[in-house]
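Source file my_file_21.cif; content: mmCIF, C-alpha atoms.
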```cif
data_input
#
loop_
_atom_site.group_PDB
_atom_site.id
_atom_site.type_symbol
_atom_site.label_atom_id
_atom_site.label_comp_id
_atom_site.auth_asym_id
_atom_site.auth_seq_id
_atom_site.Cartn_x
_atom_site.Cartn_y
_atom_site.Cartn_z
ATOM 1 C CA MET H 1 29.363 7.673 -12.220
ATOM 2 C CA THR H 2 28.052 4.273 -13.201
ATOM 3 C CA GLY H 3 30.826 2.120 -11.746
ATOM 4 C CA PRO H 4 29.954 -0.907 -9.607
ATOM 5 C CA GLY H 5 30.862 1.179 -6.539
ATOM 6 C CA ASN H 6 27.654 3.144 -6.909
ATOM 7 C CA PHE H 7 25.677 -0.068 -7.150
ATOM 8 C CA GLU H 8 26.559 -1.047 -3.579
ATOM 9 C CA LYS H 9 23.605 0.979 -2.357
ATOM 10 C CA TYR H 10 21.227 -1.602 -3.879
ATOM 11 C CA LEU H 11 22.748 -4.412 -1.826
ATOM 12 C CA PRO H 12 21.695 -6.584 -0.198
ATOM 13 C CA LEU H 13 18.674 -7.215 -2.409
ATOM 14 C CA THR H 14 15.608 -8.490 -0.599
ATOM 15 C CA GLU H 15 14.744 -12.092 -1.402
ATOM 16 C CA SER H 16 11.721 -10.910 -3.387
ATOM 17 C CA THR H 17 13.765 -8.455 -5.457
ATOM 18 C CA PHE H 18 16.464 -11.060 -6.001
ATOM 19 C CA TYR H 19 14.050 -13.580 -7.504
ATOM 20 C CA ILE H 20 12.261 -10.936 -9.569
ATOM 21 C CA LEU H 21 15.573 -9.951 -11.156
ATOM 22 C CA ALA H 22 16.550 -13.603 -11.561
ATOM 23 C CA ALA H 23 13.237 -14.311 -13.299
ATOM 24 C CA LEU H 24 13.650 -11.349 -15.640
ATOM 25 C CA VAL H 25 16.775 -12.675 -17.363
ATOM 26 C CA GLU H 26 14.140 -13.501 -19.955
ATOM 27 C CA PRO H 27 11.264 -11.123 -20.864
ATOM 28 C CA MET H 28 8.204 -11.776 -18.763
ATOM 29 C CA HIS H 29 4.989 -10.227 -17.455
ATOM 30 C CA GLY H 30 3.918 -9.895 -13.823
ATOM 31 C CA TYR H 31 2.099 -13.170 -13.448
ATOM 32 C CA GLY H 32 4.944 -15.003 -15.185
ATOM 33 C CA ILE H 33 7.363 -13.507 -12.665
ATOM 34 C CA MET H 34 5.243 -14.767 -9.747
ATOM 35 C CA GLN H 35 5.271 -18.318 -11.088
ATOM 36 C CA LYS H 36 8.921 -18.267 -12.103
ATOM 37 C CA ALA H 37 10.015 -16.850 -8.731
ATOM 38 C CA GLU H 38 8.225 -19.680 -6.973
ATOM 39 C CA THR H 39 9.900 -22.277 -9.180
ATOM 40 C CA LEU H 40 13.355 -20.698 -8.995
ATOM 41 C CA SER H 41 13.159 -20.443 -5.215
ATOM 42 C CA GLU H 42 11.985 -24.059 -4.959
ATOM 43 C CA GLY H 43 8.779 -22.867 -3.369
ATOM 44 C CA THR H 44 10.407 -20.813 -0.625
ATOM 45 C CA ILE H 45 9.174 -17.521 -2.109
ATOM 46 C CA LYS H 46 5.580 -16.751 -2.971
ATOM 47 C CA LEU H 47 5.278 -13.218 -4.311
ATOM 48 C CA GLY H 48 2.141 -11.339 -3.355
ATOM 49 C CA PRO H 49 0.832 -8.979 -6.045
ATOM 50 C CA GLY H 50 1.366 -5.903 -3.852
ATOM 51 C CA THR H 51 4.973 -6.839 -3.221
ATOM 52 C CA LEU H 52 5.542 -7.585 -6.901
ATOM 53 C CA TYR H 53 3.874 -4.421 -8.192
ATOM 54 C CA GLY H 54 5.832 -2.198 -5.795
ATOM 55 C CA ALA H 55 9.116 -3.907 -6.665
ATOM 56 C CA LEU H 56 8.519 -3.573 -10.421
ATOM 57 C CA GLN H 57 7.857 0.170 -10.044
ATOM 58 C CA MET H 58 11.017 0.626 -8.011
ATOM 59 C CA LEU H 59 13.222 -1.534 -10.234
ATOM 60 C CA GLU H 60 12.033 0.236 -13.361
ATOM 61 C CA LYS H 61 12.560 3.657 -11.823
ATOM 62 C CA GLU H 62 16.122 2.669 -10.901
ATOM 63 C CA SER H 63 16.597 1.165 -14.414
ATOM 64 C CA LEU H 64 17.417 -2.314 -13.125
ATOM 65 C CA ILE H 65 14.669 -3.553 -15.405
ATOM 66 C CA VAL H 66 13.060 -2.122 -18.515
ATOM 67 C CA LYS H 67 9.580 -2.285 -19.966
ATOM 68 C CA LEU H 68 9.608 -3.958 -23.372
ATOM 69 C CA GLY H 69 5.960 -3.713 -24.319
ATOM 70 C CA GLU H 70 2.517 -4.919 -23.561
ATOM 71 C CA VAL H 71 0.577 -8.089 -24.306
ATOM 72 C CA GLU H 72 -3.133 -8.171 -23.414
ATOM 73 C CA ARG H 73 -2.830 -5.380 -20.796
ATOM 74 C CA ARG H 74 0.153 -7.147 -19.249
ATOM 75 C CA LYS H 75 3.436 -5.229 -19.260
ATOM 76 C CA ILE H 76 6.500 -7.205 -20.287
ATOM 77 C CA TYR H 77 9.754 -6.493 -18.419
ATOM 78 C CA GLU H 78 13.365 -7.558 -18.838
ATOM 79 C CA ILE H 79 16.506 -7.104 -16.772
ATOM 80 C CA THR H 80 18.963 -4.377 -17.905
ATOM 81 C CA ASP H 81 22.768 -4.518 -17.926
ATOM 82 C CA LYS H 82 22.748 -2.535 -14.703
ATOM 83 C CA GLY H 83 20.301 -5.033 -13.211
ATOM 84 C CA ARG H 84 22.503 -7.946 -14.268
ATOM 85 C CA THR H 85 25.573 -6.355 -12.702
ATOM 86 C CA ILE H 86 23.738 -5.876 -9.420
ATOM 87 C CA LEU H 87 22.314 -9.387 -9.515
ATOM 88 C CA ASN H 88 25.821 -10.785 -10.040
ATOM 89 C CA MET H 89 27.197 -8.680 -7.187
ATOM 90 C CA GLN H 90 24.509 -10.127 -4.949
ATOM 91 C CA VAL H 91 25.327 -13.673 -6.068
ATOM 92 C CA LYS H 92 29.014 -13.115 -5.232
ATOM 93 C CA ARG H 93 28.065 -11.979 -1.747
ATOM 94 C CA LEU H 94 25.838 -15.010 -1.268
ATOM 95 C CA GLU H 95 28.632 -17.310 -2.451
ATOM 96 C CA ILE H 96 30.966 -15.839 0.149
ATOM 97 C CA MET H 97 28.321 -16.343 2.813
ATOM 98 C CA ALA H 98 27.706 -19.954 1.801
ATOM 99 C CA ARG H 99 31.437 -20.725 1.502
ATOM 100 C CA CYS H 100 32.334 -19.434 4.937
ATOM 101 C CA VAL H 101 29.854 -21.784 6.549
ATOM 102 C CA GLN H 102 30.504 -24.816 4.355
ATOM 103 C CA ALA H 103 34.271 -24.620 5.005
ATOM 104 C CA LYS H 104 33.775 -25.305 8.681
ATOM 105 C CA MET E 1 -34.682 -12.318 -8.265
ATOM 106 C CA LYS E 2 -33.617 -9.052 -6.755
ATOM 107 C CA ALA E 3 -30.371 -9.055 -4.789
ATOM 108 C CA VAL E 4 -30.685 -8.369 -1.086
ATOM 109 C CA THR E 5 -28.368 -5.551 -0.121
ATOM 110 C CA LEU E 6 -27.240 -3.907 3.065
ATOM 111 C CA GLN E 7 -25.760 -0.439 3.530
ATOM 112 C CA LYS E 8 -23.562 0.214 6.509
ATOM 113 C CA LEU E 9 -21.677 3.191 7.859
ATOM 114 C CA MET E 10 -18.554 2.263 9.799
ATOM 115 C CA TRP E 11 -15.664 4.361 10.959
ATOM 116 C CA PHE E 12 -12.133 3.009 10.964
ATOM 117 C CA TRP E 13 -9.044 5.075 11.690
ATOM 118 C CA PRO E 14 -6.267 4.848 9.108
ATOM 119 C CA TRP E 15 -4.133 2.612 11.364
ATOM 120 C CA GLN E 16 -7.001 0.165 11.800
ATOM 121 C CA ASP E 17 -6.862 -1.438 8.354
ATOM 122 C CA GLN E 18 -6.403 -4.902 9.837
ATOM 123 C CA LYS E 19 -9.442 -4.417 12.040
ATOM 124 C CA GLU E 20 -11.410 -3.373 8.980
ATOM 125 C CA GLU E 21 -10.210 -6.429 7.032
ATOM 126 C CA ALA E 22 -11.264 -8.708 9.875
ATOM 127 C CA TRP E 23 -14.680 -7.076 10.013
ATOM 128 C CA LEU E 24 -15.231 -7.561 6.263
ATOM 129 C CA GLU E 25 -14.127 -11.196 6.553
ATOM 130 C CA LYS E 26 -16.668 -11.749 9.316
ATOM 131 C CA MET E 27 -19.405 -10.148 7.217
ATOM 132 C CA SER E 28 -18.615 -12.551 4.358
ATOM 133 C CA GLU E 29 -18.667 -15.514 6.709
ATOM 134 C CA ALA E 30 -22.193 -14.410 7.592
ATOM 135 C CA GLY E 31 -23.082 -14.250 3.884
ATOM 136 C CA TRP E 32 -22.760 -10.489 3.438
ATOM 137 C CA HIS E 33 -20.215 -9.784 0.726
ATOM 138 C CA LEU E 34 -18.762 -6.344 0.178
ATOM 139 C CA ASN E 35 -20.017 -5.006 -3.128
ATOM 140 C CA SER E 36 -18.755 -1.432 -3.126
ATOM 141 C CA VAL E 37 -17.349 1.291 -0.901
ATOM 142 C CA GLN E 38 -18.413 4.931 -0.927
ATOM 143 C CA LEU E 39 -17.282 8.098 0.788
ATOM 144 C CA PRO E 40 -17.627 8.747 3.648
ATOM 145 C CA CYS E 41 -17.094 5.348 5.295
ATOM 146 C CA GLY E 42 -20.006 3.701 3.436
ATOM 147 C CA TYR E 43 -20.052 -0.032 2.801
ATOM 148 C CA SER E 44 -22.513 -1.822 0.576
ATOM 149 C CA PHE E 45 -23.031 -5.572 0.956
ATOM 150 C CA VAL E 46 -24.865 -8.189 -1.089
ATOM 151 C CA LYS E 47 -26.401 -11.272 0.515
ATOM 152 C CA SER E 48 -25.540 -14.762 -0.699
ATOM 153 C CA GLU E 49 -23.939 -17.972 0.571
ATOM 154 C CA PRO E 50 -21.274 -17.588 3.294
ATOM 155 C CA VAL E 51 -17.741 -17.621 1.861
ATOM 156 C CA HIS E 52 -14.425 -17.577 3.673
ATOM 157 C CA TYR E 53 -12.699 -14.633 2.035
ATOM 158 C CA THR E 54 -9.548 -12.829 3.017
ATOM 159 C CA TYR E 55 -9.923 -9.083 2.576
ATOM 160 C CA ARG E 56 -6.880 -6.925 2.085
ATOM 161 C CA LEU E 57 -6.656 -3.141 1.944
ATOM 162 C CA ASP E 58 -3.839 -1.697 -0.098
ATOM 163 C CA TYR E 59 -2.890 1.935 0.210
ATOM 164 C CA THR E 60 -1.656 3.409 -3.017
ATOM 165 C CA ARG E 61 -2.290 6.340 -5.286
ATOM 166 C CA ILE E 62 -2.204 5.110 -8.828
ATOM 167 C CA ASP E 63 -2.573 7.419 -11.771
ATOM 168 C CA LYS E 64 -4.767 6.405 -14.690
ATOM 169 C CA SER E 65 -1.903 5.224 -16.882
ATOM 170 C CA ARG E 66 -0.632 2.752 -14.261
ATOM 171 C CA ARG E 67 -4.013 1.533 -13.104
ATOM 172 C CA PRO E 68 -4.595 -1.273 -15.651
ATOM 173 C CA GLU E 69 -1.234 -2.852 -14.813
ATOM 174 C CA TYR E 70 -1.856 -2.623 -11.065
ATOM 175 C CA LEU E 71 -5.280 -4.256 -11.379
ATOM 176 C CA GLN E 72 -4.038 -6.907 -13.808
ATOM 177 C CA ILE E 73 -1.212 -8.119 -11.563
ATOM 178 C CA PHE E 74 -3.581 -8.528 -8.615
ATOM 179 C CA GLN E 75 -6.285 -10.187 -10.683
ATOM 180 C CA ASP E 76 -3.779 -12.589 -12.258
ATOM 181 C CA ALA E 77 -2.843 -13.603 -8.724
ATOM 182 C CA GLY E 78 -6.493 -14.445 -8.086
ATOM 183 C CA TRP E 79 -7.582 -11.299 -6.235
ATOM 184 C CA GLU E 80 -10.954 -9.703 -6.798
ATOM 185 C CA TYR E 81 -11.142 -5.911 -6.880
ATOM 186 C CA ILE E 82 -14.015 -4.286 -5.039
ATOM 187 C CA GLY E 83 -13.299 -0.584 -5.110
ATOM 188 C CA GLU E 84 -11.433 2.406 -3.829
ATOM 189 C CA MET E 85 -11.957 4.855 -0.987
ATOM 190 C CA THR E 86 -9.473 7.729 -0.431
ATOM 191 C CA ASN E 87 -6.562 5.792 -2.008
ATOM 192 C CA TRP E 88 -7.435 2.603 -0.107
ATOM 193 C CA GLN E 89 -7.856 -0.264 -2.576
ATOM 194 C CA TYR E 90 -10.188 -3.049 -1.461
ATOM 195 C CA TRP E 91 -9.242 -6.602 -2.475
ATOM 196 C CA ARG E 92 -10.419 -10.054 -1.550
ATOM 197 C CA LYS E 93 -9.521 -13.659 -2.281
ATOM 198 C CA ARG E 94 -11.004 -16.963 -1.212
ATOM 199 C CA VAL E 95 -9.258 -18.855 1.549
ATOM 200 C CA VAL E 96 -8.524 -22.352 0.231
ATOM 201 C CA ASN E 97 -7.436 -25.169 2.574
ATOM 202 C CA GLY E 98 -6.968 -22.695 5.395
ATOM 203 C CA GLN E 99 -4.202 -20.912 3.490
ATOM 204 C CA VAL E 100 -4.582 -17.175 4.054
ATOM 205 C CA PRO E 101 -3.386 -15.319 0.952
ATOM 206 C CA GLU E 102 -1.428 -12.075 1.287
ATOM 207 C CA ILE E 103 -0.897 -9.156 -1.083
ATOM 208 C CA TYR E 104 2.353 -8.245 0.684
ATOM 209 C CA THR E 105 4.662 -11.163 1.241
ATOM 210 C CA ASP E 106 7.650 -9.445 2.799
ATOM 211 C CA LYS E 107 8.242 -6.952 5.534
ATOM 212 C CA ASP E 108 9.784 -4.246 3.324
ATOM 213 C CA SER E 109 6.849 -4.014 0.946
ATOM 214 C CA LYS E 110 4.344 -4.121 3.777
ATOM 215 C CA LEU E 111 6.175 -1.273 5.493
ATOM 216 C CA ASN E 112 6.188 0.681 2.237
ATOM 217 C CA LYS E 113 2.400 0.639 2.218
ATOM 218 C CA TYR E 114 2.281 2.436 5.571
ATOM 219 C CA LYS E 115 5.115 4.739 4.559
ATOM 220 C CA ARG E 116 3.072 5.852 1.544
ATOM 221 C CA LEU E 117 0.139 6.493 3.849
ATOM 222 C CA LEU E 118 2.293 8.435 6.313
ATOM 223 C CA GLY E 119 3.929 10.413 3.531
ATOM 224 C CA TYR E 120 0.592 11.446 2.096
ATOM 225 C CA MET E 121 -0.834 12.339 5.499
ATOM 226 C CA GLY E 122 2.286 14.276 6.438
ATOM 227 C CA PHE E 123 2.087 16.256 3.224
ATOM 228 C CA PHE E 124 -1.564 17.081 3.936
ATOM 229 C CA LEU E 125 -0.733 18.028 7.527
ATOM 230 C CA PHE E 126 1.761 20.567 6.224
ATOM 231 C CA PHE E 127 -1.031 22.263 4.256
ATOM 232 C CA LEU E 128 -3.406 22.158 7.216
ATOM 233 C CA LEU E 129 -0.797 23.782 9.449
ATOM 234 C CA PHE E 130 -0.067 26.444 6.852
ATOM 235 C CA ILE E 131 -3.763 27.353 6.559
ATOM 236 C CA GLY E 132 -4.072 27.107 10.360
ATOM 237 C CA PHE E 133 -1.366 29.681 10.950
ATOM 238 C CA ARG E 134 -3.045 32.027 8.510
ATOM 239 C CA ILE E 135 -6.379 31.685 10.293
ATOM 240 C CA ILE E 136 -4.873 32.283 13.739
ATOM 241 C CA TYR E 137 -2.752 35.139 12.487
ATOM 242 C CA ASN E 138 -5.840 36.789 10.993
ATOM 243 C CA ALA E 139 -7.804 36.097 14.160
ATOM 244 C CA PHE E 140 -5.276 38.006 16.245
ATOM 245 C CA ASP E 141 -5.259 40.755 13.699
ATOM 246 C CA LEU E 142 -9.048 41.086 13.959
ATOM 247 C CA TYR E 143 -8.975 40.825 17.744
ATOM 248 C CA LEU E 144 -6.589 43.721 18.006
ATOM 249 C CA GLY E 145 -9.107 45.758 16.049
ATOM 250 C CA SER E 146 -12.355 45.437 17.951
ATOM 251 C CA LEU E 147 -14.554 42.665 19.336
ATOM 252 C CA THR E 148 -17.569 42.253 17.119
ATOM 253 C CA LEU E 149 -19.771 39.360 16.073
ATOM 254 C CA ILE E 150 -17.520 38.843 13.077
ATOM 255 C CA THR E 151 -14.370 38.522 15.169
ATOM 256 C CA ALA E 152 -16.159 36.194 17.588
ATOM 257 C CA MET E 153 -17.224 33.956 14.703
ATOM 258 C CA TYR E 154 -13.730 34.061 13.302
ATOM 259 C CA TRP E 155 -12.335 32.911 16.615
ATOM 260 C CA ALA E 156 -14.867 30.104 16.779
ATOM 261 C CA VAL E 157 -13.696 28.865 13.383
ATOM 262 C CA ALA E 158 -10.059 29.176 14.467
ATOM 263 C CA ILE E 159 -10.682 27.096 17.599
ATOM 264 C CA ILE E 160 -12.580 24.377 15.724
ATOM 265 C CA TYR E 161 -9.782 24.290 13.187
ATOM 266 C CA MET E 162 -7.186 23.888 15.926
ATOM 267 C CA VAL E 163 -9.120 20.997 17.453
ATOM 268 C CA LEU E 164 -9.338 19.267 14.065
ATOM 269 C CA ILE E 165 -5.618 19.724 13.469
ATOM 270 C CA SER E 166 -4.887 18.262 16.904
ATOM 271 C CA ILE E 167 -6.929 15.160 16.034
ATOM 272 C CA TYR E 168 -5.146 14.913 12.712
ATOM 273 C CA VAL E 169 -1.757 15.122 14.431
ATOM 274 C CA VAL E 170 -2.777 12.251 16.725
ATOM 275 C CA VAL E 171 -3.811 10.193 13.682
ATOM 276 C CA VAL E 172 -0.443 10.826 12.018
ATOM 277 C CA ILE E 173 1.339 9.780 15.218
ATOM 278 C CA MET E 174 -0.731 6.584 15.404
ATOM 279 C CA VAL E 175 0.157 5.678 11.815
ATOM 280 C CA TYR E 176 3.806 6.349 12.643
ATOM 281 C CA ARG E 177 3.523 4.044 15.675
ATOM 282 C CA ARG E 178 2.027 1.361 13.435
ATOM 283 C CA ILE E 179 5.159 1.531 11.282
ATOM 284 C CA ARG E 180 7.389 1.276 14.355
ATOM 285 C CA GLN E 181 5.464 -1.770 15.579
ATOM 286 C CA LEU E 182 5.777 -3.466 12.207
ATOM 287 C CA LYS E 183 9.495 -2.757 12.080
ATOM 288 C CA ASN E 184 9.957 -4.490 15.398
ATOM 289 C CA LYS E 185 8.125 -7.639 14.507
ATOM 290 C CA SER E 186 8.448 -10.127 11.714
ATOM 291 C CA ILE E 187 5.716 -10.299 9.101
#
```
Target encoding structure tokens, full file:
Amino acid sequence: MTGPGNFEKYLPLTESTFYILAALVEPMHGYGIMQKAETLSEGTIKLGPGTLYGALQMLEKESLIVKLGEVERRKIYEITDKGRTILNMQVKRLEIMARCVQAK
Amino acid sequence: MKAVTLQKLMWFWPWQDQKEEAWLEKMSEAGWHLNSVQLPCGYSFVKSEPVHYTYRLDYTRIDKSRRPEYLQIFQDAGWEYIGEMTNWQYWRKRVVNGQVPEIYTDKDSKLNKYKRLLGYMGFFLFFLLFIGFRIIYNAFDLYLGSLTLITAMYWAVAIIYMVLISIYVVVVIMVYRRIRQLKNKSI
């Protein structure tokens, strides 16, 4: 039931979701994610709070991330094993895409 | 010194959120800053220096337990919360160096906002139709009995109700069209 086959439905991740998951390889709160996503994406992604909030709800509901606790009203999240698997699947796809162009 | 305030009544249809945002921005540029919103369609402004704000309306139903997190994420991103009217959340942020800030930064999440709105309205429409059928069914039932003042009044209510439902259906269709338009264009 939980094989990678069932994870295909999450792919492709949107750019926003991709960077949120990438940021959450370490525990972080919402604002931290916004800043980290901007850094990780070399400034190509700026996450609006509405986009971030909606994505966090969805990712938590689908158990791609988990809530660890709360610090000063800010919820701390971290990626789950399922989230990591999906993130890696996405990276593999992106590598294939990049390779097919670079080879030419 | 007592603050100078201004109360305004304005009607915007649910698919006109961008028009409403533009109106609020204009008000702020004239020095009237939105202070609170009240049902039905009431806006309260406070006078001070003109500021170039971007106003953004979010549509979301948030239960009490999730509310602090929702507010915190927006506030951390520099947005100022003004209030809520029928699940519409009113936000604003200063425009710095001509950079217009956005609460939704991709197409999917922006679409989701309107999908939530459509879902909620569709759900409500279902109830309205259900009650509507009952009213019309009863009206026929009464009519088949005898025509009295009571039946006439009942029919009047039924007709008004049908008109209101028709308007509501048009509103739902307009929101649906808004989603279609968004889907066809980039953010």
Contact set, chain E to chain H: 10 Å, all atoms listed in the file, as a list of chain:residue names:
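Residues satisfying the distance criterion: E:Asp58, E:Tyr59, E:Thr60, E:Arg66, E:Pro68, E:Glu69, E:Tyr70, E:Leu71, E:Gln72, E:Ile73, E:Phe74, E:Gln75, E:Asp76, E:Ala77, E:Gly78, E:Trp79, E:Pro101, E:Glu102, E:Ile103, E:Tyr104, E:Thr105, E:Asp106, E:Lys107, E:Asp108, E:Ser109, E:Lys110, E:Asn112, E:Lys113.
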Give me, as a compact mmCIF listing (two decimals) with C-alpha atoms, in the coordinates of the input, all polymer residues having an atom no more than 9 Å from Gln7 (chain E), counting all atoms listed in the file and skipping those fewer than 3 positions away in the same chain.
```txt
# COMPACT_ATOMS: atom_id res chain seq x y z
CA GLY E 42 -20.01 3.70 3.44
CA TYR E 43 -20.05 -0.03 2.80
CA SER E 44 -22.51 -1.82 0.58
CA PHE E 45 -23.03 -5.57 0.96
```
Selection: 12 Å around Leu6 (chain E), all atoms listed in the file, excl. self and same-chain fewer than 6 positions, as number ranges by chain
E: 27, 31-37, 42-48
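Put simply, the PyMOL selection byres ((chain E and resi 170-180) around 7) in this file takes in Trp15, Leu111, Tyr114, Leu118, Met121, Ser166, Ile167, Tyr168, Val169, Gln181, Leu182, Lys183 and Asn184 of chain E.
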Between CA of Ile62 (chain E) and CA of Asn87 (chain E), what is the distance, to one decimal in Å?
8.1 Å
Residue by residue, what does the PyMOL selection byres ((chain H and resi 23) around 12) grab here? Present the result as a PyMOL selection string.
chain H and resi 16-22+24-41+65+77-79+83-84+87
Evaluate the PyMOL selection byres ((chain E and resi 17-21) around 10) here and jot the selected residues down as a count of residues only.
24
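Going from CA of Val71 (chain H) to CA of Val95 (chain E) covers 29.7 Å.
Going from CA of Ala152 (chain E) to CA of Phe140 (chain E) covers 11.1 Å.
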Residue nearest Gln38 (chain E) among E:Lys8, E:Arg134, E:Arg94, E:Lys185 (counting all atoms listed in the file)
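Closest candidate: E:Lys8.
Closest approach to Tyr137 (chain E) from the set E:Leu9, E:Ala158, E:Val100, E:Ala3 is made by E:Ala158, with distances taken over all atoms listed in the file.
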Tell me which of H:Arg99, H:Met58, H:Leu64, H:Pro12 sits closest to Thr80 (chain H), counting only C-alpha atoms.
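When distances to Thr80 (chain H) are compared using only C-alpha atoms, the smallest one comes from H:Leu64.
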From E:Ile160, E:Ile131, E:Met153, E:Leu39, residue lying nearest Gly83 (chain E) [only C-alpha atoms]
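Checking each candidate against Gly83 (chain E), we get E:Leu39 as the closest.
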Given 6 Å on each side, where is the centre and what are the edge lengths in Å to one decimal of the axis-aligned box enclosing the listed atoms of region 92-107 of chain E, as JSON?
```
{"center_x": -1.4, "center_y": -16.1, "center_z": 1.6, "size_x": 31.2, "size_y": 30.2, "size_z": 19.8}
```
Since the input is missing atoms for region 52-68 of chain H, could you rebuild it with N, CA, C and O atoms and give the result as a PDB file, in the frame of the given file?
```pdb
ATOM      1  N   LEU H  52       5.023  -7.558  -5.535  1.00  0.00           N
ATOM      2  CA  LEU H  52       5.542  -7.585  -6.901  1.00  0.00           C
ATOM      3  C   LEU H  52       5.357  -6.240  -7.596  1.00  0.00           C
ATOM      4  O   LEU H  52       6.299  -5.697  -8.173  1.00  0.00           O
ATOM      5  N   TYR H  53       4.159  -5.689  -7.511  1.00  0.00           N
ATOM      6  CA  TYR H  53       3.874  -4.421  -8.192  1.00  0.00           C
ATOM      7  C   TYR H  53       4.815  -3.317  -7.699  1.00  0.00           C
ATOM      8  O   TYR H  53       5.416  -2.601  -8.489  1.00  0.00           O
ATOM      9  N   GLY H  54       4.956  -3.219  -6.373  1.00  0.00           N
ATOM     10  CA  GLY H  54       5.832  -2.198  -5.795  1.00  0.00           C
ATOM     11  C   GLY H  54       7.275  -2.368  -6.244  1.00  0.00           C
ATOM     12  O   GLY H  54       7.958  -1.394  -6.574  1.00  0.00           O
ATOM     13  N   ALA H  55       7.732  -3.634  -6.274  1.00  0.00           N
ATOM     14  CA  ALA H  55       9.116  -3.907  -6.665  1.00  0.00           C
ATOM     15  C   ALA H  55       9.345  -3.556  -8.138  1.00  0.00           C
ATOM     16  O   ALA H  55      10.376  -2.978  -8.485  1.00  0.00           O
ATOM     17  N   LEU H  56       8.380  -3.878  -8.992  1.00  0.00           N
ATOM     18  CA  LEU H  56       8.519  -3.573 -10.421  1.00  0.00           C
ATOM     19  C   LEU H  56       8.638  -2.058 -10.648  1.00  0.00           C
ATOM     20  O   LEU H  56       9.474  -1.607 -11.436  1.00  0.00           O
ATOM     21  N   GLN H  57       7.797  -1.282  -9.930  1.00  0.00           N
ATOM     22  CA  GLN H  57       7.857   0.170 -10.044  1.00  0.00           C
ATOM     23  C   GLN H  57       9.245   0.683  -9.678  1.00  0.00           C
ATOM     24  O   GLN H  57       9.839   1.492 -10.379  1.00  0.00           O
ATOM     25  N   MET H  58       9.727   0.171  -8.531  1.00  0.00           N
ATOM     26  CA  MET H  58      11.017   0.626  -8.011  1.00  0.00           C
ATOM     27  C   MET H  58      12.161   0.213  -8.942  1.00  0.00           C
ATOM     28  O   MET H  58      13.006   1.033  -9.291  1.00  0.00           O
ATOM     29  N   LEU H  59      12.142  -1.033  -9.389  1.00  0.00           N
ATOM     30  CA  LEU H  59      13.222  -1.534 -10.234  1.00  0.00           C
ATOM     31  C   LEU H  59      13.259  -0.810 -11.582  1.00  0.00           C
ATOM     32  O   LEU H  59      14.323  -0.558 -12.136  1.00  0.00           O
ATOM     33  N   GLU H  60      12.080  -0.468 -12.082  1.00  0.00           N
ATOM     34  CA  GLU H  60      12.033   0.236 -13.361  1.00  0.00           C
ATOM     35  C   GLU H  60      12.535   1.664 -13.199  1.00  0.00           C
ATOM     36  O   GLU H  60      13.274   2.179 -14.027  1.00  0.00           O
ATOM     37  N   LYS H  61      12.136   2.287 -12.097  1.00  0.00           N
ATOM     38  CA  LYS H  61      12.560   3.657 -11.823  1.00  0.00           C
ATOM     39  C   LYS H  61      14.082   3.737 -11.693  1.00  0.00           C
ATOM     40  O   LYS H  61      14.719   4.689 -12.144  1.00  0.00           O
ATOM     41  N   GLU H  62      14.666   2.701 -11.093  1.00  0.00           N
ATOM     42  CA  GLU H  62      16.122   2.669 -10.901  1.00  0.00           C
ATOM     43  C   GLU H  62      16.832   2.035 -12.102  1.00  0.00           C
ATOM     44  O   GLU H  62      18.022   1.738 -12.017  1.00  0.00           O
ATOM     45  N   SER H  63      16.105   1.790 -13.166  1.00  0.00           N
ATOM     46  CA  SER H  63      16.597   1.165 -14.414  1.00  0.00           C
ATOM     47  C   SER H  63      17.337  -0.151 -14.196  1.00  0.00           C
ATOM     48  O   SER H  63      18.311  -0.445 -14.865  1.00  0.00           O
ATOM     49  N   LEU H  64      16.878  -0.961 -13.260  1.00  0.00           N
ATOM     50  CA  LEU H  64      17.417  -2.314 -13.125  1.00  0.00           C
ATOM     51  C   LEU H  64      16.656  -3.260 -14.053  1.00  0.00           C
ATOM     52  O   LEU H  64      17.145  -4.314 -14.422  1.00  0.00           O
ATOM     53  N   ILE H  65      15.450  -2.830 -14.402  1.00  0.00           N
ATOM     54  CA  ILE H  65      14.669  -3.553 -15.405  1.00  0.00           C
ATOM     55  C   ILE H  65      14.087  -2.533 -16.379  1.00  0.00           C
ATOM     56  O   ILE H  65      14.081  -1.335 -16.088  1.00  0.00           O
ATOM     57  N   VAL H  66      13.627  -3.018 -17.515  1.00  0.00           N
ATOM     58  CA  VAL H  66      13.060  -2.122 -18.515  1.00  0.00           C
ATOM     59  C   VAL H  66      11.773  -2.722 -19.065  1.00  0.00           C
ATOM     60  O   VAL H  66      11.625  -3.944 -19.122  1.00  0.00           O
ATOM     61  N   LYS H  67      10.847  -1.833 -19.408  1.00  0.00           N
ATOM     62  CA  LYS H  67       9.580  -2.285 -19.966  1.00  0.00           C
ATOM     63  C   LYS H  67       9.758  -2.477 -21.464  1.00  0.00           C
ATOM     64  O   LYS H  67      10.216  -1.580 -22.161  1.00  0.00           O
ATOM     65  N   LEU H  68       9.415  -3.673 -21.946  1.00  0.00           N
ATOM     66  CA  LEU H  68       9.608  -3.958 -23.372  1.00  0.00           C
ATOM     67  C   LEU H  68       8.353  -3.658 -24.171  1.00  0.00           C
ATOM     68  O   LEU H  68       8.417  -3.235 -25.318  1.00  0.00           O
TER      69      LEU H  68
END
```
